Amino acid sequence: MFEVDKIRERFPILKREVNGRDLVYFDNGASTQKLQSVIDTVSNYYKEENSNVHRGVHFLSGLATDKFEETREVIREFIGAEHTHEIIFTKGTTDSINLVASGFRSLLNKGDEIIISELEHHSNIVPWQMCCEYSGAVLKIIPLKDNGELEVNKFESLLSKKTKLVALSHISNSLGTINPIKEFIEKAHKIGARVLIDGAQAASHISLNMQELDVDMYCFSAHKMYGPTGVGVLYGKEDILNEIPPYQGGGEMIKDVSFKKTTYACLPHKFEAGTPNIAGVIAFKSAIEFISDLGFNTIAEHENYLLEYATQEILKIEGVKIYGTSEKKSGIISFNIEGIHPYDIGVLLDKMGVAIRTGHHCTQPIMERFNIPGTARISLAIYNTKEEIDVCIESIKKAKQMLS
Amino acid sequence: MQTIEEIQEEILEDFDMFEDWIQKYEYLIDLGKDLPAIDEKYKIEENLIKGCQSRVWLHAEENSGNIIFSADSDAIMTKGIVALLIRLLSGQSANDIAHADLDFINKIGLKEQLSATRANGLLSMIKQMKLYAIALDK
Ligand SMILES: Cc1ncc(COP(=O)(O)O)c(C=O)c1O
C-alpha cells in the first residue's frame, strides 16, 4: 500500500523548516527534491568510484564506465526504447532540444516549416527560432484554446509537405495540459514530418513507451524526476540520430581525428563530447528505480487525488481563477486572484513556508494569450500530502486577506 | 529637509516596532497602497525597470537641484518598497542620491527581497534612481 509518510522519509530536505515553518514544497515543476539514495550515490561515487568514463584501462575507470552505462540501459527500459544507443546523455531538456535544433538546421532548406505550439516552454521555442533564423525555415504555431488544450484542427491545417519537424511538449509546465501526443505524432508522420516531444514535465508522472508512441525524439531532465541536476536525456530513433550531425566536437565523440579529416564515433558517443556529469548519470539510476518501484499507477492515483483536492479547495477562495482546465491534466495548478499580483502571493506564501512559483514560468506566449503578467503556480509531486494542500490553502487565504 | 541618513534612521525606528514579519509586511502593503499615484503619462515602456517579476515604472525630474521621483508597480509589495525608496531619495540633491549608502534594506530584514530573483528588481530600482540623479545633475 502507498504510504506517503514512508515516501517522505526518503527525501531528507522535506524535514527542514523555512521561515520557521515546516517546508511545504509545491515548486516541483521547476525542480523536484532529491532522494536520499540519489544523494548517497553521488557521494559514494566521489568517495569510492571516481574516474573518467570510457577512457582508462584501469579498474576505477572500468567501474565508472560500467555504472554509467548501466543507467543508460535502465533508461532504455524505463522509456521503452528499442536500443540502448538511442539514449543520449545531455545536461537537461534544454540541452537536448538545442542538440537537435542545432543539428537539424543543416537538414533544413529555406521555406521548410517547423511546427511548435503556443504553450511551449521557452526552451522549446527559442532553439527553433534560432534554427529557423539560420536555415530560412519558417516557424508555425498551434494555437491554444481557452481551457489550455491545443487546437488539434488548427494543427492539421498547418501540416503540409513543407513541414519537416513538429516539436511539442507532452505536458505544459504552466497549464498542466497533457497533450494527446500520440495523435499529433500519427498526424505528423502521415505527411512525413519528424516529431520531437519535450517530456520535461511528463517523465516522472506518466508512463512512457517510445516504441508505442512511435516518437522520433523525446527529451527530459533528471532534476525534475527526483534525480540530480545537470543530467538529461535525449532519446532519438537510431535513423534520425544518425542523420543529425554532431552537436559539439571534442573528446569521446570521434572515431579518428586527423587534420585532413575527422570521423565521428557511432551512437551514442557521437553526441556526448567531453567528460559528462558522471556522478549525476550514475545517481539518476537511483531516481528511475524509485519511480519504477512505485509504478505509474500508484503515482497517478496519488497525484490525481492531490490535484483534484487542491483544485476543489482553491476554487472555494473567492476571486480565484485557474488557468489550464483541460480534461487531461497533470498536477499543476496555475492561478490568479482577482486584483492581486501573483508576485505578492508568492512572497507572502514564502514567508509562511510554502514554496510556489510565480511569474511567467518561461512561457511568456501563454501569459500573452491570457493577457496576464503571470500566475502563481502549485506543482505537485509524489511526496506531497493533503495536509500540505490545507496549509497552502490557509496561507493563500491569509495572504489574500493581507493584500485586500 | 532631512538628510538621507536621517530618514534611514527613521525608517529603521519604524521597522523596529514590529514584532513579527506579518506586521512588517502589512506595513509595506500599506505603504504601497498609500504611494501617490504616478501620472499615467509616465507609465510607459521607457520608464519600466527591467529585471523584476512585477512591473515598476519610475519617473524622475529635476527641481532646482533636487530630484523628484514618482513611481508605480503592479505588485503591492514592490510598490511598498518603492515607496520607501521614494521617501528616502525624492527631493534630495542629485549628489546625495548618487552617493547614498542604502544599507537600511538589510537592516529592516527585507534582505530576502534582495535575493537574486526578486531583487534584481530592487537593485535595478536603486541603480536607476542613482542614474537619473547623475543624468539630471546640473
Ligand atoms: C516543459 C518544459 N520544457 C523544458 C524545460 C527545461 O528543462 P531544463 O531546465 O531542465 O533544461 C522545462 C523546465 O523548466 C519545462 O517545464
# chains A, B, ... in the order shown; residues from 1 in each chain; ligands from 1
>>> residues_near_ligand(ligand="ligand 1", cutoff="10 Å", atoms="only C-alpha atoms and all ligand atoms", output="count of residues only")
48
>>> interface_residues(of="chain B", to="chain A", cutoff="7 Å", atoms="only C-alpha atoms", output="ChimeraX atom specification")
/B:26,29,53-54,74-77
>>> write_last_selection(atoms="all heavy atoms", output="tab-separated table (two decimals), in the first residue's frame")
chain	number	residue	atom	x	y	z
B	26	GLU	N	2.60	43.89	6.41
B	26	GLU	CA	1.36	44.67	6.33
B	26	GLU	C	1.67	46.16	6.21
B	26	GLU	O	0.99	46.89	5.48
B	26	GLU	CB	0.47	44.39	7.55
B	26	GLU	CG	-0.34	43.12	7.33
B	26	GLU	CD	-1.17	42.69	8.54
B	26	GLU	OE1	-0.88	43.12	9.68
B	26	GLU	OE2	-2.10	41.90	8.33
B	29	ILE	N	2.67	46.78	2.70
B	29	ILE	CA	1.48	46.77	1.85
B	29	ILE	C	0.76	48.12	1.98
B	29	ILE	O	0.36	48.72	0.98
B	29	ILE	CB	0.55	45.59	2.23
B	29	ILE	CG1	1.22	44.26	1.83
B	29	ILE	CG2	-0.81	45.73	1.55
B	29	ILE	CD1	0.58	43.02	2.45
B	53	GLN	N	9.96	40.72	-11.47
B	53	GLN	CA	8.78	39.92	-11.80
B	53	GLN	C	7.56	40.80	-11.95
B	53	GLN	O	6.70	40.56	-12.77
B	53	GLN	CB	8.53	38.90	-10.69
B	53	GLN	CG	9.09	37.56	-11.00
B	53	GLN	CD	8.46	36.51	-10.11
B	53	GLN	OE1	7.31	36.58	-9.70
B	53	GLN	NE2	9.25	35.49	-9.82
B	54	SER	N	7.53	41.82	-11.09
B	54	SER	CA	6.44	42.77	-11.21
B	54	SER	C	6.97	43.95	-12.01
B	54	SER	O	8.17	44.16	-12.10
B	54	SER	CB	6.01	43.23	-9.82
B	54	SER	OG	7.15	43.54	-9.06
B	74	ASP	N	2.82	47.15	-10.39
B	74	ASP	CA	1.57	46.38	-10.40
B	74	ASP	C	1.50	45.41	-9.22
B	74	ASP	O	0.45	44.85	-8.94
B	74	ASP	CB	1.34	45.68	-11.75
B	74	ASP	CG	2.53	44.88	-12.22
B	74	ASP	OD1	3.55	44.84	-11.49
B	74	ASP	OD2	2.46	44.29	-13.30
B	75	ALA	N	2.61	45.19	-8.52
B	75	ALA	CA	2.58	44.35	-7.32
B	75	ALA	C	2.67	45.26	-6.10
B	75	ALA	O	3.49	46.19	-6.05
B	75	ALA	CB	3.73	43.37	-7.32
B	76	ILE	N	1.84	45.00	-5.12
B	76	ILE	CA	1.71	45.92	-3.99
B	76	ILE	C	2.96	45.90	-3.10
B	76	ILE	O	3.40	46.91	-2.58
B	76	ILE	CB	0.42	45.64	-3.20
B	76	ILE	CG1	0.06	46.84	-2.34
B	76	ILE	CG2	0.51	44.39	-2.38
B	76	ILE	CD1	-0.51	47.98	-3.12
B	77	MET	N	3.56	44.71	-2.96
B	77	MET	CA	4.75	44.60	-2.11
B	77	MET	C	5.90	45.38	-2.72
B	77	MET	O	6.65	46.06	-2.01
B	77	MET	CB	5.13	43.12	-2.01
B	77	MET	CG	5.70	42.74	-0.70
B	77	MET	SD	4.40	42.52	0.48
B	77	MET	CE	3.79	40.97	-0.11
>>> closest_residue(among="B:Phe104, B:Ile68, B:His99, B:Lys33", to="Lys127 of chain B", atoms="only C-alpha atoms")
B:His99
>>> select_by_dssp(residues="segment 114-246 of chain A", states="alpha helix (DSSP H)", output="ChimeraX atom specification")
/A:126-135,152-158,181-190,210-213,238-243
>>> write_last_selection(atoms="N, CA and C atoms", output="CSV table (one decimal), in the first residue's frame")
chain,number,residue,atom,x,y,z
A,126,VAL,N,12.8,29.0,-28.3
A,126,VAL,CA,13.9,29.8,-28.8
A,126,VAL,C,14.9,29.0,-29.7
A,127,PRO,N,15.2,27.7,-29.3
A,127,PRO,CA,16.1,26.9,-30.2
A,127,PRO,C,15.6,26.8,-31.6
A,128,TRP,N,14.3,26.7,-31.7
A,128,TRP,CA,13.7,26.6,-33.1
A,128,TRP,C,13.7,27.9,-33.8
A,129,GLN,N,13.5,29.0,-33.0
A,129,GLN,CA,13.7,30.3,-33.7
A,129,GLN,C,15.1,30.5,-34.2
A,130,MET,N,16.1,30.1,-33.4
A,130,MET,CA,17.5,30.2,-33.8
A,130,MET,C,17.7,29.3,-35.1
A,131,CYS,N,17.1,28.1,-35.0
A,131,CYS,CA,17.3,27.1,-36.1
A,131,CYS,C,16.7,27.7,-37.4
A,132,CYS,N,15.5,28.4,-37.3
A,132,CYS,CA,14.8,29.0,-38.4
A,132,CYS,C,15.6,30.2,-39.0
A,133,GLU,N,16.2,31.0,-38.1
A,133,GLU,CA,16.9,32.1,-38.5
A,133,GLU,C,18.1,31.7,-39.3
A,134,TYR,N,18.7,30.6,-38.9
A,134,TYR,CA,19.9,30.1,-39.6
A,134,TYR,C,19.6,29.4,-40.9
A,135,SER,N,18.5,28.7,-40.9
A,135,SER,CA,18.2,27.8,-42.1
A,135,SER,C,17.2,28.5,-43.1
A,152,VAL,N,-6.4,21.0,-32.1
A,152,VAL,CA,-5.9,19.9,-33.0
A,152,VAL,C,-6.3,20.2,-34.4
A,153,ASN,N,-7.4,20.8,-34.6
A,153,ASN,CA,-7.8,21.1,-36.0
A,153,ASN,C,-6.9,22.0,-36.7
A,154,LYS,N,-6.5,23.0,-35.9
A,154,LYS,CA,-5.5,24.0,-36.5
A,154,LYS,C,-4.2,23.3,-36.8
A,155,PHE,N,-3.8,22.4,-36.0
A,155,PHE,CA,-2.6,21.6,-36.2
A,155,PHE,C,-2.7,21.0,-37.6
A,156,GLU,N,-3.8,20.3,-37.8
A,156,GLU,CA,-4.0,19.6,-39.1
A,156,GLU,C,-3.8,20.6,-40.3
A,157,SER,N,-4.4,21.8,-40.1
A,157,SER,CA,-4.3,22.7,-41.2
A,157,SER,C,-2.9,23.3,-41.4
A,158,LEU,N,-2.1,23.2,-40.4
A,158,LEU,CA,-0.7,23.7,-40.5
A,158,LEU,C,0.2,22.7,-41.2
A,181,ILE,N,-0.3,13.5,-27.4
A,181,ILE,CA,0.9,13.5,-28.4
A,181,ILE,C,0.8,12.3,-29.4
A,182,LYS,N,0.2,11.2,-29.0
A,182,LYS,CA,0.1,10.1,-29.9
A,182,LYS,C,-0.6,10.5,-31.2
A,183,GLU,N,-1.7,11.2,-31.0
A,183,GLU,CA,-2.5,11.7,-32.1
A,183,GLU,C,-1.7,12.7,-32.9
A,184,PHE,N,-0.9,13.6,-32.3
A,184,PHE,CA,-0.1,14.5,-33.0
A,184,PHE,C,1.0,13.8,-33.8
A,185,ILE,N,1.6,12.8,-33.2
A,185,ILE,CA,2.7,12.1,-33.8
A,185,ILE,C,2.1,11.4,-35.1
A,186,GLU,N,1.0,10.7,-34.9
A,186,GLU,CA,0.4,10.0,-36.1
A,186,GLU,C,0.2,10.9,-37.2
A,187,LYS,N,-0.4,12.1,-36.9
A,187,LYS,CA,-0.8,13.0,-38.0
A,187,LYS,C,0.5,13.6,-38.6
A,188,ALA,N,1.5,13.8,-37.8
A,188,ALA,CA,2.7,14.4,-38.4
A,188,ALA,C,3.4,13.3,-39.3
A,189,HIS,N,3.4,12.1,-38.8
A,189,HIS,CA,4.1,11.1,-39.6
A,189,HIS,C,3.4,10.8,-40.9
A,190,LYS,N,2.1,11.0,-41.0
A,190,LYS,CA,1.3,10.8,-42.2
A,190,LYS,C,1.9,11.7,-43.4
A,210,MET,N,8.5,4.6,-25.8
A,210,MET,CA,8.9,5.3,-27.1
A,210,MET,C,8.4,4.5,-28.3
A,211,GLN,N,8.5,3.2,-28.2
A,211,GLN,CA,8.1,2.4,-29.4
A,211,GLN,C,6.6,2.5,-29.6
A,212,GLU,N,5.8,2.5,-28.6
A,212,GLU,CA,4.4,2.6,-28.7
A,212,GLU,C,4.0,3.9,-29.3
A,213,LEU,N,4.6,5.0,-28.7
A,213,LEU,CA,4.4,6.3,-29.2
A,213,LEU,C,4.8,6.5,-30.6
A,238,GLU,N,17.2,5.6,-33.9
A,238,GLU,CA,18.5,5.4,-34.5
A,238,GLU,C,18.7,6.2,-35.8
A,239,ASP,N,17.7,6.0,-36.7
A,239,ASP,CA,18.0,6.6,-38.0
A,239,ASP,C,18.0,8.1,-38.0
A,240,ILE,N,17.2,8.7,-37.1
A,240,ILE,CA,17.3,10.2,-37.1
A,240,ILE,C,18.5,10.7,-36.4
A,241,LEU,N,19.0,10.0,-35.4
A,241,LEU,CA,20.2,10.4,-34.7
A,241,LEU,C,21.4,10.2,-35.6
A,242,ASN,N,21.3,9.2,-36.5
A,242,ASN,CA,22.4,9.1,-37.4
A,242,ASN,C,22.4,10.2,-38.5
A,243,GLU,N,21.2,10.7,-38.8
A,243,GLU,CA,21.1,11.8,-39.7
A,243,GLU,C,21.6,13.1,-39.2
>>> select_by_dssp(residues="segment 141-247 of chain A", states="strand (DSSP E)", output="MDAnalysis selection string")
chainID A and resid 141:142 163:169 194:198 217:221 232:236
>>> residues_around(residues="Lys270 of chain A", least_positions_apart="5", cutoff="7 Å", atoms="only C-alpha atoms", output="JSON, numbers by chain")
{"A": [246, 253, 254, 264, 265]}
>>> residues_around(residues="Thr163 of chain A", least_positions_apart="6", cutoff="6 Å", atoms="only C-alpha atoms", output="list in words")
Glu113, Ile114 and Ala193 of chain A
